[in-house]
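Undergrad: Before I ask anything, here is the structure I am working with.
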Amino acid sequence: MITEVGLRNFKAFRNLTVPLGGFTLLAGLNSSGKSSVLQALALTRQGFDAFRRGGTSGGSAGLPLNGEYVDLGTGVDVLNEDYSGEQQFAITLLSRDGDSGSVVVDYEREGDYLPVVGDGFSGTFWKEGAQSITSDGFQYLRADRLTPSATYARSHEVAVRRRFLGTRGEYAVDFLRAFQDELISADVLHHPSATSPKLLDQLQAWLGEICPGVRLQAEAIPQTDLVRLDIKFMRAELPRSNSRRATHVGFGLAYVLPVVVACLTARPGSLILLENPEAHVHPRGQTAMARLACAAAASGAQVIVETHSDHILNGTRLAVKSAQIQPSAVRLNYFRRDESSAISVSSPAIGADGMLSAWPEGFFDEWDTALDELLG
């Protein structure tokens, strides 16, 4: 597990260290650097994959800024404009056992495949499967996930062999088609209303927190590279329901489906990065998504969530209070940018009762602020 990420001269960060846990929340105002932390981790995985594809004859000689996980542009888009010392940026990861791995990259203004300085990804820290960043089961779901569609992409290589959902969740329906009968073994991930431990039944039960009675069927469209998702809504008084296309159901279900699949199928020791899992989801559903993400972390995965939702925060606090996840496994990081544009991070601790050790100014306090104004 990665316990710390250090960022030097990377995007908004001149020099910042961010603590990570089994479950980590990244919160803060817009443009305060939260997404950049996830991008740094995804970029590191992108570089590791490029190195791994290079084989044992030396591997990758550089870091691809644009690829499967992130598209960051060129060097000028990545190097902090207030860089100090040499024109380099660095991403450093610290593991739970105290081992560390650094990727130091030379700056090239127009370069999109930047030279890696030193050992790069060849050290023991980067051994395949040794850390959550190098393990199988890596998932990164960006905020701009795929909108509802009549059809979805199909790929045996991506969805079935690699079990990757796509950064926009574009392969989640194909993954469901292939693995719908796979058993979810971790009890902590089981929804109490699910009819079986199979992926499809667990998925429908968790999605029922958002869309009660939802039933899904994913199937391939013959002689195409496409799959479709049929959706029904079952009610006791209506034993039959017509199938609906995802385009007729709304954004919430399509947006959250890859998040639920990623959490339910999380592998112990793997890394899941989630941007705004609350998007297009009502408050009760957001709280449920937090509980599920905490359950994925409790099952052995490392989960890092960027959020603007106080319901996600409170769902996390409730998961701790109900002993679904240990408070020591949770890290809460609040990012703020001061008048000089320097970014700092505050990390209040969470107790076994779900209470926080501190409540930094601006940290999910808008409800209290608005209420004070209404009552004033």
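Ordered as shown in the structure tokens, chains take letters A, B, and onward, while each chain numbers its residues from 1 and ligands are numbered from 1 in the order shown.
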Compile the contact shell of Phe89 (chain A) as a ChimeraX atom specification: residues with an atom at most 7 Å away, counting only C-alpha atoms, same-chain residues fewer than 2 positions apart removed.
TA: /A:8-10,79,104-106
Undergrad: Could you please write out, as a PDB file with N, CA and C atoms, in the first residue's frame, every residue of region 122-345 of chain A that DSSP assigns to strand (DSSP E or B)?
TA:
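Once written, result.pdb looks like this:
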ATOM      1  N   GLN A 139      -7.618   0.579 -11.303  1.00  0.00           N
ATOM      2  CA  GLN A 139      -8.739   1.269 -11.944  1.00  0.00           C
ATOM      3  C   GLN A 139      -8.624   2.770 -11.693  1.00  0.00           C
ATOM      4  N   TYR A 140      -8.894   3.553 -12.722  1.00  0.00           N
ATOM      5  CA  TYR A 140      -8.934   5.009 -12.602  1.00  0.00           C
ATOM      6  C   TYR A 140     -10.166   5.491 -13.349  1.00  0.00           C
ATOM      7  N   LEU A 141     -11.151   5.975 -12.604  1.00  0.00           N
ATOM      8  CA  LEU A 141     -12.386   6.484 -13.194  1.00  0.00           C
ATOM      9  C   LEU A 141     -12.420   7.992 -13.052  1.00  0.00           C
ATOM     10  N   TYR A 152     -22.322   0.349 -26.009  1.00  0.00           N
ATOM     11  CA  TYR A 152     -21.055   0.585 -25.326  1.00  0.00           C
ATOM     12  C   TYR A 152     -19.960  -0.250 -25.993  1.00  0.00           C
ATOM     13  N   ALA A 153     -18.709   0.160 -25.754  1.00  0.00           N
ATOM     14  CA  ALA A 153     -17.576  -0.501 -26.391  1.00  0.00           C
ATOM     15  C   ALA A 153     -17.401  -1.925 -25.882  1.00  0.00           C
ATOM     16  N   LEU A 183     -18.300 -14.547  -8.462  1.00  0.00           N
ATOM     17  CA  LEU A 183     -18.683 -14.409  -7.058  1.00  0.00           C
ATOM     18  C   LEU A 183     -17.877 -13.304  -6.391  1.00  0.00           C
ATOM     19  N   LYS A 198     -23.233 -13.213  -6.438  1.00  0.00           N
ATOM     20  CA  LYS A 198     -22.781 -12.978  -7.813  1.00  0.00           C
ATOM     21  C   LYS A 198     -22.693 -11.478  -8.096  1.00  0.00           C
ATOM     22  N   VAL A 214     -34.010  -1.620  -9.774  1.00  0.00           N
ATOM     23  CA  VAL A 214     -33.335  -1.684 -11.066  1.00  0.00           C
ATOM     24  C   VAL A 214     -32.851  -3.105 -11.346  1.00  0.00           C
ATOM     25  N   ARG A 215     -33.012  -3.527 -12.601  1.00  0.00           N
ATOM     26  CA  ARG A 215     -32.524  -4.814 -13.076  1.00  0.00           C
ATOM     27  C   ARG A 215     -31.780  -4.568 -14.392  1.00  0.00           C
ATOM     28  N   LEU A 216     -30.627  -5.253 -14.545  1.00  0.00           N
ATOM     29  CA  LEU A 216     -29.756  -4.997 -15.683  1.00  0.00           C
ATOM     30  C   LEU A 216     -29.535  -6.270 -16.492  1.00  0.00           C
ATOM     31  N   GLN A 217     -29.351  -6.095 -17.793  1.00  0.00           N
ATOM     32  CA  GLN A 217     -28.943  -7.193 -18.655  1.00  0.00           C
ATOM     33  C   GLN A 217     -27.962  -6.632 -19.683  1.00  0.00           C
ATOM     34  N   ALA A 218     -26.727  -7.137 -19.637  1.00  0.00           N
ATOM     35  CA  ALA A 218     -25.692  -6.716 -20.585  1.00  0.00           C
ATOM     36  C   ALA A 218     -25.470  -7.842 -21.577  1.00  0.00           C
ATOM     37  N   GLU A 219     -25.522  -7.521 -22.864  1.00  0.00           N
ATOM     38  CA  GLU A 219     -25.335  -8.553 -23.872  1.00  0.00           C
ATOM     39  C   GLU A 219     -24.639  -7.988 -25.097  1.00  0.00           C
ATOM     40  N   ALA A 220     -23.894  -8.862 -25.766  1.00  0.00           N
ATOM     41  CA  ALA A 220     -23.173  -8.456 -26.972  1.00  0.00           C
ATOM     42  C   ALA A 220     -24.134  -8.312 -28.144  1.00  0.00           C
ATOM     43  N   LEU A 226     -19.649  -4.108 -30.130  1.00  0.00           N
ATOM     44  CA  LEU A 226     -20.482  -3.328 -29.233  1.00  0.00           C
ATOM     45  C   LEU A 226     -21.273  -4.237 -28.297  1.00  0.00           C
ATOM     46  N   VAL A 227     -21.650  -3.695 -27.157  1.00  0.00           N
ATOM     47  CA  VAL A 227     -22.578  -4.349 -26.234  1.00  0.00           C
ATOM     48  C   VAL A 227     -23.683  -3.355 -25.908  1.00  0.00           C
ATOM     49  N   ARG A 228     -24.791  -3.862 -25.428  1.00  0.00           N
ATOM     50  CA  ARG A 228     -25.873  -2.975 -25.015  1.00  0.00           C
ATOM     51  C   ARG A 228     -26.303  -3.323 -23.602  1.00  0.00           C
ATOM     52  N   LEU A 229     -26.902  -2.354 -22.957  1.00  0.00           N
ATOM     53  CA  LEU A 229     -27.376  -2.516 -21.587  1.00  0.00           C
ATOM     54  C   LEU A 229     -28.870  -2.290 -21.563  1.00  0.00           C
ATOM     55  N   ASP A 230     -29.612  -3.341 -21.210  1.00  0.00           N
ATOM     56  CA  ASP A 230     -31.069  -3.232 -21.047  1.00  0.00           C
ATOM     57  C   ASP A 230     -31.374  -3.034 -19.568  1.00  0.00           C
ATOM     58  N   ILE A 231     -32.280  -2.106 -19.287  1.00  0.00           N
ATOM     59  CA  ILE A 231     -32.591  -1.737 -17.905  1.00  0.00           C
ATOM     60  C   ILE A 231     -34.090  -1.893 -17.662  1.00  0.00           C
ATOM     61  N   LYS A 232     -34.416  -2.534 -16.554  1.00  0.00           N
ATOM     62  CA  LYS A 232     -35.810  -2.648 -16.134  1.00  0.00           C
ATOM     63  C   LYS A 232     -35.933  -2.156 -14.694  1.00  0.00           C
ATOM     64  N   PHE A 233     -37.144  -1.806 -14.318  1.00  0.00           N
ATOM     65  CA  PHE A 233     -37.441  -1.415 -12.944  1.00  0.00           C
ATOM     66  C   PHE A 233     -38.595  -2.267 -12.449  1.00  0.00           C
ATOM     67  N   ARG A 235     -41.309  -3.780  -9.710  1.00  0.00           N
ATOM     68  CA  ARG A 235     -42.121  -3.391  -8.556  1.00  0.00           C
ATOM     69  C   ARG A 235     -43.041  -4.549  -8.198  1.00  0.00           C
ATOM     70  N   LEU A 238     -46.142  -4.691 -10.081  1.00  0.00           N
ATOM     71  CA  LEU A 238     -45.997  -4.784 -11.530  1.00  0.00           C
ATOM     72  C   LEU A 238     -44.942  -5.845 -11.833  1.00  0.00           C
ATOM     73  N   ARG A 244     -35.600  -0.764 -20.972  1.00  0.00           N
ATOM     74  CA  ARG A 244     -35.319   0.613 -21.375  1.00  0.00           C
ATOM     75  C   ARG A 244     -33.853   0.741 -21.763  1.00  0.00           C
ATOM     76  N   LEU A 271      -5.180  -0.813  -6.551  1.00  0.00           N
ATOM     77  CA  LEU A 271      -5.409   0.624  -6.365  1.00  0.00           C
ATOM     78  C   LEU A 271      -6.592   1.069  -7.212  1.00  0.00           C
ATOM     79  N   ILE A 272      -7.534   1.782  -6.576  1.00  0.00           N
ATOM     80  CA  ILE A 272      -8.710   2.318  -7.272  1.00  0.00           C
ATOM     81  C   ILE A 272      -8.744   3.829  -7.059  1.00  0.00           C
ATOM     82  N   LEU A 273      -8.739   4.587  -8.139  1.00  0.00           N
ATOM     83  CA  LEU A 273      -8.805   6.044  -8.102  1.00  0.00           C
ATOM     84  C   LEU A 273     -10.161   6.474  -8.640  1.00  0.00           C
ATOM     85  N   LEU A 274     -10.912   7.228  -7.829  1.00  0.00           N
ATOM     86  CA  LEU A 274     -12.267   7.631  -8.199  1.00  0.00           C
ATOM     87  C   LEU A 274     -12.410   9.144  -8.129  1.00  0.00           C
ATOM     88  N   GLU A 275     -12.792   9.747  -9.236  1.00  0.00           N
ATOM     89  CA  GLU A 275     -13.086  11.181  -9.249  1.00  0.00           C
ATOM     90  C   GLU A 275     -14.592  11.383  -9.165  1.00  0.00           C
ATOM     91  N   GLN A 302      -6.727  -0.488  -2.045  1.00  0.00           N
ATOM     92  CA  GLN A 302      -6.479   0.898  -1.654  1.00  0.00           C
ATOM     93  C   GLN A 302      -7.355   1.780  -2.534  1.00  0.00           C
ATOM     94  N   VAL A 303      -8.171   2.626  -1.905  1.00  0.00           N
ATOM     95  CA  VAL A 303      -9.147   3.438  -2.621  1.00  0.00           C
ATOM     96  C   VAL A 303      -8.888   4.907  -2.314  1.00  0.00           C
ATOM     97  N   ILE A 304      -8.758   5.713  -3.373  1.00  0.00           N
ATOM     98  CA  ILE A 304      -8.538   7.150  -3.221  1.00  0.00           C
ATOM     99  C   ILE A 304      -9.643   7.869  -3.972  1.00  0.00           C
ATOM    100  N   VAL A 305     -10.365   8.737  -3.263  1.00  0.00           N
ATOM    101  CA  VAL A 305     -11.562   9.376  -3.800  1.00  0.00           C
ATOM    102  C   VAL A 305     -11.413  10.885  -3.755  1.00  0.00           C
ATOM    103  N   GLU A 306     -11.621  11.522  -4.885  1.00  0.00           N
ATOM    104  CA  GLU A 306     -11.748  12.980  -4.919  1.00  0.00           C
ATOM    105  C   GLU A 306     -13.232  13.319  -4.872  1.00  0.00           C
ATOM    106  N   VAL A 330      -8.288   5.261   7.389  1.00  0.00           N
ATOM    107  CA  VAL A 330      -8.893   6.381   6.682  1.00  0.00           C
ATOM    108  C   VAL A 330      -8.005   7.617   6.778  1.00  0.00           C
ATOM    109  N   ARG A 331      -7.817   8.291   5.643  1.00  0.00           N
ATOM    110  CA  ARG A 331      -7.118   9.572   5.602  1.00  0.00           C
ATOM    111  C   ARG A 331      -8.035  10.605   4.945  1.00  0.00           C
ATOM    112  N   LEU A 332      -8.192  11.740   5.602  1.00  0.00           N
ATOM    113  CA  LEU A 332      -8.972  12.843   5.066  1.00  0.00           C
ATOM    114  C   LEU A 332      -8.016  13.991   4.764  1.00  0.00           C
ATOM    115  N   ASN A 333      -7.954  14.417   3.511  1.00  0.00           N
ATOM    116  CA  ASN A 333      -7.035  15.476   3.104  1.00  0.00           C
ATOM    117  C   ASN A 333      -7.813  16.646   2.507  1.00  0.00           C
ATOM    118  N   TYR A 334      -7.612  17.815   3.087  1.00  0.00           N
ATOM    119  CA  TYR A 334      -8.282  19.027   2.622  1.00  0.00           C
ATOM    120  C   TYR A 334      -7.241  19.960   2.019  1.00  0.00           C
ATOM    121  N   PHE A 335      -7.420  20.295   0.733  1.00  0.00           N
ATOM    122  CA  PHE A 335      -6.479  21.139   0.001  1.00  0.00           C
ATOM    123  C   PHE A 335      -6.983  22.576  -0.011  1.00  0.00           C
ATOM    124  N   ARG A 336      -6.058  23.488   0.194  1.00  0.00           N
ATOM    125  CA  ARG A 336      -6.418  24.908   0.081  1.00  0.00           C
ATOM    126  C   ARG A 336      -5.273  25.665  -0.567  1.00  0.00           C
ATOM    127  N   ARG A 337      -5.645  26.704  -1.306  1.00  0.00           N
ATOM    128  CA  ARG A 337      -4.672  27.555  -1.991  1.00  0.00           C
ATOM    129  C   ARG A 337      -4.720  28.931  -1.341  1.00  0.00           C
ATOM    130  N   ILE A 343      -0.179  25.870  -2.312  1.00  0.00           N
ATOM    131  CA  ILE A 343      -1.169  24.882  -1.897  1.00  0.00           C
ATOM    132  C   ILE A 343      -0.668  24.142  -0.663  1.00  0.00           C
ATOM    133  N   SER A 344      -1.545  24.013   0.322  1.00  0.00           N
ATOM    134  CA  SER A 344      -1.238  23.247   1.523  1.00  0.00           C
ATOM    135  C   SER A 344      -2.340  22.218   1.736  1.00  0.00           C
ATOM    136  N   VAL A 345      -2.050  21.230   2.561  1.00  0.00           N
ATOM    137  CA  VAL A 345      -3.030  20.187   2.832  1.00  0.00           C
ATOM    138  C   VAL A 345      -3.158  19.981   4.331  1.00  0.00           C
TER     139      VAL A 345
END
Undergrad: Check region 9-135 of chain A with DSSP on the backbone and list each residue it calls alpha helix (DSSP H), as JSON, numbers by chain.
TA: {"A": [34, 35, 36, 37, 38, 39, 40, 41, 42, 43, 44, 45, 46, 47, 48, 49, 50, 51, 52, 53, 75, 76, 77, 78]}
Undergrad: Can you tell me, as a PDB file with all heavy atoms, in the first residue's frame, what residues are no more than 9 Å from region 361-365 of chain A when counting only C-alpha atoms, ignoring any on the same chain fewer than 5 positions away?
TA:
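What landed in around18.pdb:
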ATOM      1  N   ALA A  27     -10.376  16.450  -0.665  1.00  0.00           N
ATOM      2  CA  ALA A  27     -11.419  17.472  -0.713  1.00  0.00           C
ATOM      3  C   ALA A  27     -10.777  18.844  -0.800  1.00  0.00           C
ATOM      4  O   ALA A  27      -9.589  19.015  -0.510  1.00  0.00           O
ATOM      5  CB  ALA A  27     -12.314  17.386   0.522  1.00  0.00           C
ATOM      6  N   GLY A  28     -11.572  19.843  -1.179  1.00  0.00           N
ATOM      7  CA  GLY A  28     -11.071  21.205  -1.275  1.00  0.00           C
ATOM      8  C   GLY A  28     -11.792  21.958  -2.374  1.00  0.00           C
ATOM      9  O   GLY A  28     -12.574  21.384  -3.145  1.00  0.00           O
ATOM     10  N   LEU A  29     -11.524  23.268  -2.448  1.00  0.00           N
ATOM     11  CA  LEU A  29     -12.154  24.092  -3.472  1.00  0.00           C
ATOM     12  C   LEU A  29     -11.657  23.691  -4.849  1.00  0.00           C
ATOM     13  O   LEU A  29     -10.659  22.984  -5.002  1.00  0.00           O
ATOM     14  CB  LEU A  29     -11.861  25.570  -3.207  1.00  0.00           C
ATOM     15  CG  LEU A  29     -12.396  26.137  -1.884  1.00  0.00           C
ATOM     16  CD1 LEU A  29     -12.039  27.615  -1.766  1.00  0.00           C
ATOM     17  CD2 LEU A  29     -13.903  25.952  -1.782  1.00  0.00           C
ATOM     18  N   HIS A 308     -16.479  16.457  -3.806  1.00  0.00           N
ATOM     19  CA  HIS A 308     -16.991  17.740  -3.327  1.00  0.00           C
ATOM     20  C   HIS A 308     -18.233  17.532  -2.467  1.00  0.00           C
ATOM     21  O   HIS A 308     -18.929  18.500  -2.146  1.00  0.00           O
ATOM     22  CB  HIS A 308     -17.355  18.645  -4.511  1.00  0.00           C
ATOM     23  CG  HIS A 308     -16.180  19.132  -5.300  1.00  0.00           C
ATOM     24  ND1 HIS A 308     -15.352  20.131  -4.854  1.00  0.00           N
ATOM     25  CD2 HIS A 308     -15.701  18.743  -6.494  1.00  0.00           C
ATOM     26  CE1 HIS A 308     -14.401  20.352  -5.752  1.00  0.00           C
ATOM     27  NE2 HIS A 308     -14.595  19.515  -6.747  1.00  0.00           N
ATOM     28  N   SER A 309     -18.501  16.297  -2.097  1.00  0.00           N
ATOM     29  CA  SER A 309     -19.772  15.960  -1.455  1.00  0.00           C
ATOM     30  C   SER A 309     -19.631  15.747   0.041  1.00  0.00           C
ATOM     31  O   SER A 309     -18.854  14.884   0.480  1.00  0.00           O
ATOM     32  CB  SER A 309     -20.355  14.696  -2.104  1.00  0.00           C
ATOM     33  OG  SER A 309     -21.440  14.195  -1.353  1.00  0.00           O
ATOM     34  N   ASP A 310     -20.401  16.497   0.830  1.00  0.00           N
ATOM     35  CA  ASP A 310     -20.417  16.233   2.269  1.00  0.00           C
ATOM     36  C   ASP A 310     -21.115  14.912   2.576  1.00  0.00           C
ATOM     37  O   ASP A 310     -20.891  14.306   3.633  1.00  0.00           O
ATOM     38  CB  ASP A 310     -21.083  17.377   3.036  1.00  0.00           C
ATOM     39  CG  ASP A 310     -22.435  17.771   2.489  1.00  0.00           C
ATOM     40  OD1 ASP A 310     -22.859  17.219   1.461  1.00  0.00           O
ATOM     41  OD2 ASP A 310     -23.080  18.656   3.092  1.00  0.00           O
ATOM     42  N   LEU A 313     -18.388  12.380   2.553  1.00  0.00           N
ATOM     43  CA  LEU A 313     -17.670  12.481   3.826  1.00  0.00           C
ATOM     44  C   LEU A 313     -18.465  11.812   4.942  1.00  0.00           C
ATOM     45  O   LEU A 313     -17.923  11.006   5.718  1.00  0.00           O
ATOM     46  CB  LEU A 313     -17.411  13.943   4.172  1.00  0.00           C
ATOM     47  CG  LEU A 313     -16.872  14.201   5.590  1.00  0.00           C
ATOM     48  CD1 LEU A 313     -15.500  13.565   5.773  1.00  0.00           C
ATOM     49  CD2 LEU A 313     -16.839  15.700   5.889  1.00  0.00           C
ATOM     50  N   TYR A 334      -7.612  17.815   3.087  1.00  0.00           N
ATOM     51  CA  TYR A 334      -8.282  19.027   2.622  1.00  0.00           C
ATOM     52  C   TYR A 334      -7.241  19.960   2.019  1.00  0.00           C
ATOM     53  O   TYR A 334      -6.302  20.385   2.691  1.00  0.00           O
ATOM     54  CB  TYR A 334      -9.012  19.713   3.772  1.00  0.00           C
ATOM     55  CG  TYR A 334      -9.610  21.046   3.403  1.00  0.00           C
ATOM     56  CD1 TYR A 334     -10.598  21.135   2.429  1.00  0.00           C
ATOM     57  CD2 TYR A 334      -9.189  22.218   4.033  1.00  0.00           C
ATOM     58  CE1 TYR A 334     -11.145  22.355   2.085  1.00  0.00           C
ATOM     59  CE2 TYR A 334      -9.739  23.443   3.688  1.00  0.00           C
ATOM     60  CZ  TYR A 334     -10.719  23.508   2.710  1.00  0.00           C
ATOM     61  OH  TYR A 334     -11.252  24.717   2.363  1.00  0.00           O
ATOM     62  N   PHE A 335      -7.420  20.295   0.733  1.00  0.00           N
ATOM     63  CA  PHE A 335      -6.479  21.139   0.001  1.00  0.00           C
ATOM     64  C   PHE A 335      -6.983  22.576  -0.011  1.00  0.00           C
ATOM     65  O   PHE A 335      -8.173  22.830  -0.230  1.00  0.00           O
ATOM     66  CB  PHE A 335      -6.332  20.648  -1.435  1.00  0.00           C
ATOM     67  CG  PHE A 335      -5.666  19.303  -1.550  1.00  0.00           C
ATOM     68  CD1 PHE A 335      -6.354  18.136  -1.227  1.00  0.00           C
ATOM     69  CD2 PHE A 335      -4.362  19.193  -1.982  1.00  0.00           C
ATOM     70  CE1 PHE A 335      -5.753  16.899  -1.334  1.00  0.00           C
ATOM     71  CE2 PHE A 335      -3.741  17.957  -2.094  1.00  0.00           C
ATOM     72  CZ  PHE A 335      -4.444  16.812  -1.768  1.00  0.00           C
ATOM     73  N   ARG A 336      -6.058  23.488   0.194  1.00  0.00           N
ATOM     74  CA  ARG A 336      -6.418  24.908   0.081  1.00  0.00           C
ATOM     75  C   ARG A 336      -5.273  25.665  -0.567  1.00  0.00           C
ATOM     76  O   ARG A 336      -4.106  25.322  -0.405  1.00  0.00           O
ATOM     77  CB  ARG A 336      -6.780  25.487   1.434  1.00  0.00           C
ATOM     78  CG  ARG A 336      -5.646  25.924   2.302  1.00  0.00           C
ATOM     79  CD  ARG A 336      -6.148  26.627   3.537  1.00  0.00           C
ATOM     80  NE  ARG A 336      -6.685  25.676   4.491  1.00  0.00           N
ATOM     81  CZ  ARG A 336      -7.260  26.054   5.637  1.00  0.00           C
ATOM     82  NH1 ARG A 336      -7.366  27.319   5.939  1.00  0.00           N
ATOM     83  NH2 ARG A 336      -7.709  25.145   6.479  1.00  0.00           N
ATOM     84  N   ALA A 370     -24.378  28.599   5.583  1.00  0.00           N
ATOM     85  CA  ALA A 370     -25.669  29.034   5.045  1.00  0.00           C
ATOM     86  C   ALA A 370     -26.740  29.059   6.122  1.00  0.00           C
ATOM     87  O   ALA A 370     -27.582  29.964   6.175  1.00  0.00           O
ATOM     88  CB  ALA A 370     -26.081  28.100   3.899  1.00  0.00           C
TER      89      ALA A 370
END
Undergrad: Using only C-alpha atoms, determine which residues lie at most 12 Å from Gly98 (chain A), disregarding the query and same-chain residues fewer than 6 positions distant; provide the list as a PyMOL selection string.
TA: chain A and resi 1-4+125+131
Undergrad: Find the nearest atom pair between each residue of region 222-292 of chain A and region 205-213 of chain A for residues within 8 Å, count only C-alpha atoms, give distances in Å to one decimal, sort rows by chain and ascending number, and present the table as JSON lines.
TA:
{"residue": "A:Lys232", "atom": "CA", "partner": "A:Gly213", "partner_atom": "CA", "distance": 7.9}
{"residue": "A:Phe233", "atom": "CA", "partner": "A:Gly213", "partner_atom": "CA", "distance": 4.9}
{"residue": "A:Met234", "atom": "CA", "partner": "A:Gly213", "partner_atom": "CA", "distance": 4.8}
{"residue": "A:Arg235", "atom": "CA", "partner": "A:Gly213", "partner_atom": "CA", "distance": 6.4}
{"residue": "A:Gly252", "atom": "CA", "partner": "A:Ile210", "partner_atom": "CA", "distance": 7.9}
{"residue": "A:Leu253", "atom": "CA", "partner": "A:Cys211", "partner_atom": "CA", "distance": 7.4}
{"residue": "A:Leu257", "atom": "CA", "partner": "A:Leu207", "partner_atom": "CA", "distance": 7.5}
{"residue": "A:Val260", "atom": "CA", "partner": "A:Trp206", "partner_atom": "CA", "distance": 7.4}
{"residue": "A:Val281", "atom": "CA", "partner": "A:Ile210", "partner_atom": "CA", "distance": 7.0}
{"residue": "A:His282", "atom": "CA", "partner": "A:Ile210", "partner_atom": "CA", "distance": 7.1}
{"residue": "A:Arg284", "atom": "CA", "partner": "A:Glu209", "partner_atom": "CA", "distance": 7.3}
{"residue": "A:Gly285", "atom": "CA", "partner": "A:Ile210", "partner_atom": "CA", "distance": 4.9}
{"residue": "A:Ala288", "atom": "CA", "partner": "A:Glu209", "partner_atom": "CA", "distance": 6.7}
Undergrad: Need to verify the contact set: Thr147 (chain A), 7 Å, only C-alpha atoms, exclusion of same-chain residues closer than 5 positions in sequence. Can you return it as a ChimeraX atom specification?
TA: /A:251,254-255
Undergrad: Would you save the residues of that selection, restricted to N, CA and C atoms, as a compact mmCIF listing (two decimals), in the first residue's frame?
TA:
# COMPACT_ATOMS: atom_id res chain seq x y z
N PHE A 251 -28.74 10.26 -16.17
CA PHE A 251 -27.29 10.24 -16.03
C PHE A 251 -26.81 9.47 -14.81
N ALA A 254 -25.96 5.57 -15.21
CA ALA A 254 -24.82 5.33 -16.10
C ALA A 254 -23.52 5.82 -15.48
N TYR A 255 -23.58 6.96 -14.79
CA TYR A 255 -22.38 7.55 -14.21
C TYR A 255 -21.83 6.73 -13.05
Undergrad: Which is closest to Lys127 (chain A) among A:Ser328, A:Gln202, A:Ser100, A:Ser149, if we use only C-alpha atoms?
TA: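 Result for the nearest residue to Lys127 (chain A): A:Ser100.
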Undergrad: For Val70 (chain A), list every protein, DNA or RNA residue within 7 Å, evaluated using only C-alpha atoms, and leave out those in the same chain fewer than 3 positions away; present the list as a list in words.
TA: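 The residues satisfying every condition are Gln39, Ala42, Leu43, Asn66 and Gly67 of chain A.
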Undergrad: Save the residues we just selected, C-alpha atoms, as a PDB file, in the first residue's frame?
TA:
ATOM      1  CA  GLN A  39      -3.308  12.354 -12.198  1.00  0.00           C
ATOM      2  CA  ALA A  42      -2.259   7.557 -12.875  1.00  0.00           C
ATOM      3  CA  LEU A  43       0.729   9.034 -14.742  1.00  0.00           C
ATOM      4  CA  ASN A  66      -0.382  11.065 -22.940  1.00  0.00           C
ATOM      5  CA  GLY A  67      -1.727   7.548 -22.897  1.00  0.00           C
TER       6      GLY A  67
END
Undergrad: Between A:Gly33, A:Gly250, A:Gly6, A:Pro360, which has the minimum distance to Gly101 (chain A) (counting only C-alpha atoms)?
TA: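 Distance minimum relative to Gly101 (chain A) lands on A:Gly6.
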Undergrad: My list of candidates is A:Ser95, A:Val37, A:Leu63, A:Ala186. Which is closest to Thr17 (chain A) when distances are computed with only C-alpha atoms?
TA: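 Closest candidate: A:Val37.
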Undergrad: Taking 3 positions as the minimum chain separation for residues in the same chain, which residues sit within 12 Å of Ala295 (chain A) when counting only C-alpha atoms? Answer as a PyMOL selection string.
TA: chain A and resi 22-23+186-191+260+262-268+288-292+298-303+315-316+318-320+322-326+329-330
Undergrad: Looking at A:Ser155, A:Ser243, A:Ser357, A:Thr195, which one is nearest to Tyr171 (chain A), with distances taken over only C-alpha atoms?
TA: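 Nearest to Tyr171 (chain A): A:Ser155.
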Undergrad: Would you please work out which residue, of A:Ile184, A:Phe51, A:Asp77, A:Tyr69, is nearest to Trp126 (chain A) when using only C-alpha atoms?
TA: A:Phe51
Undergrad: Can you measure CA of Thr124 (chain A) to CA of Gln87 (chain A) for me? One decimal in Å is fine.
TA: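 Computing it gives 26.4 Å between the two atoms.
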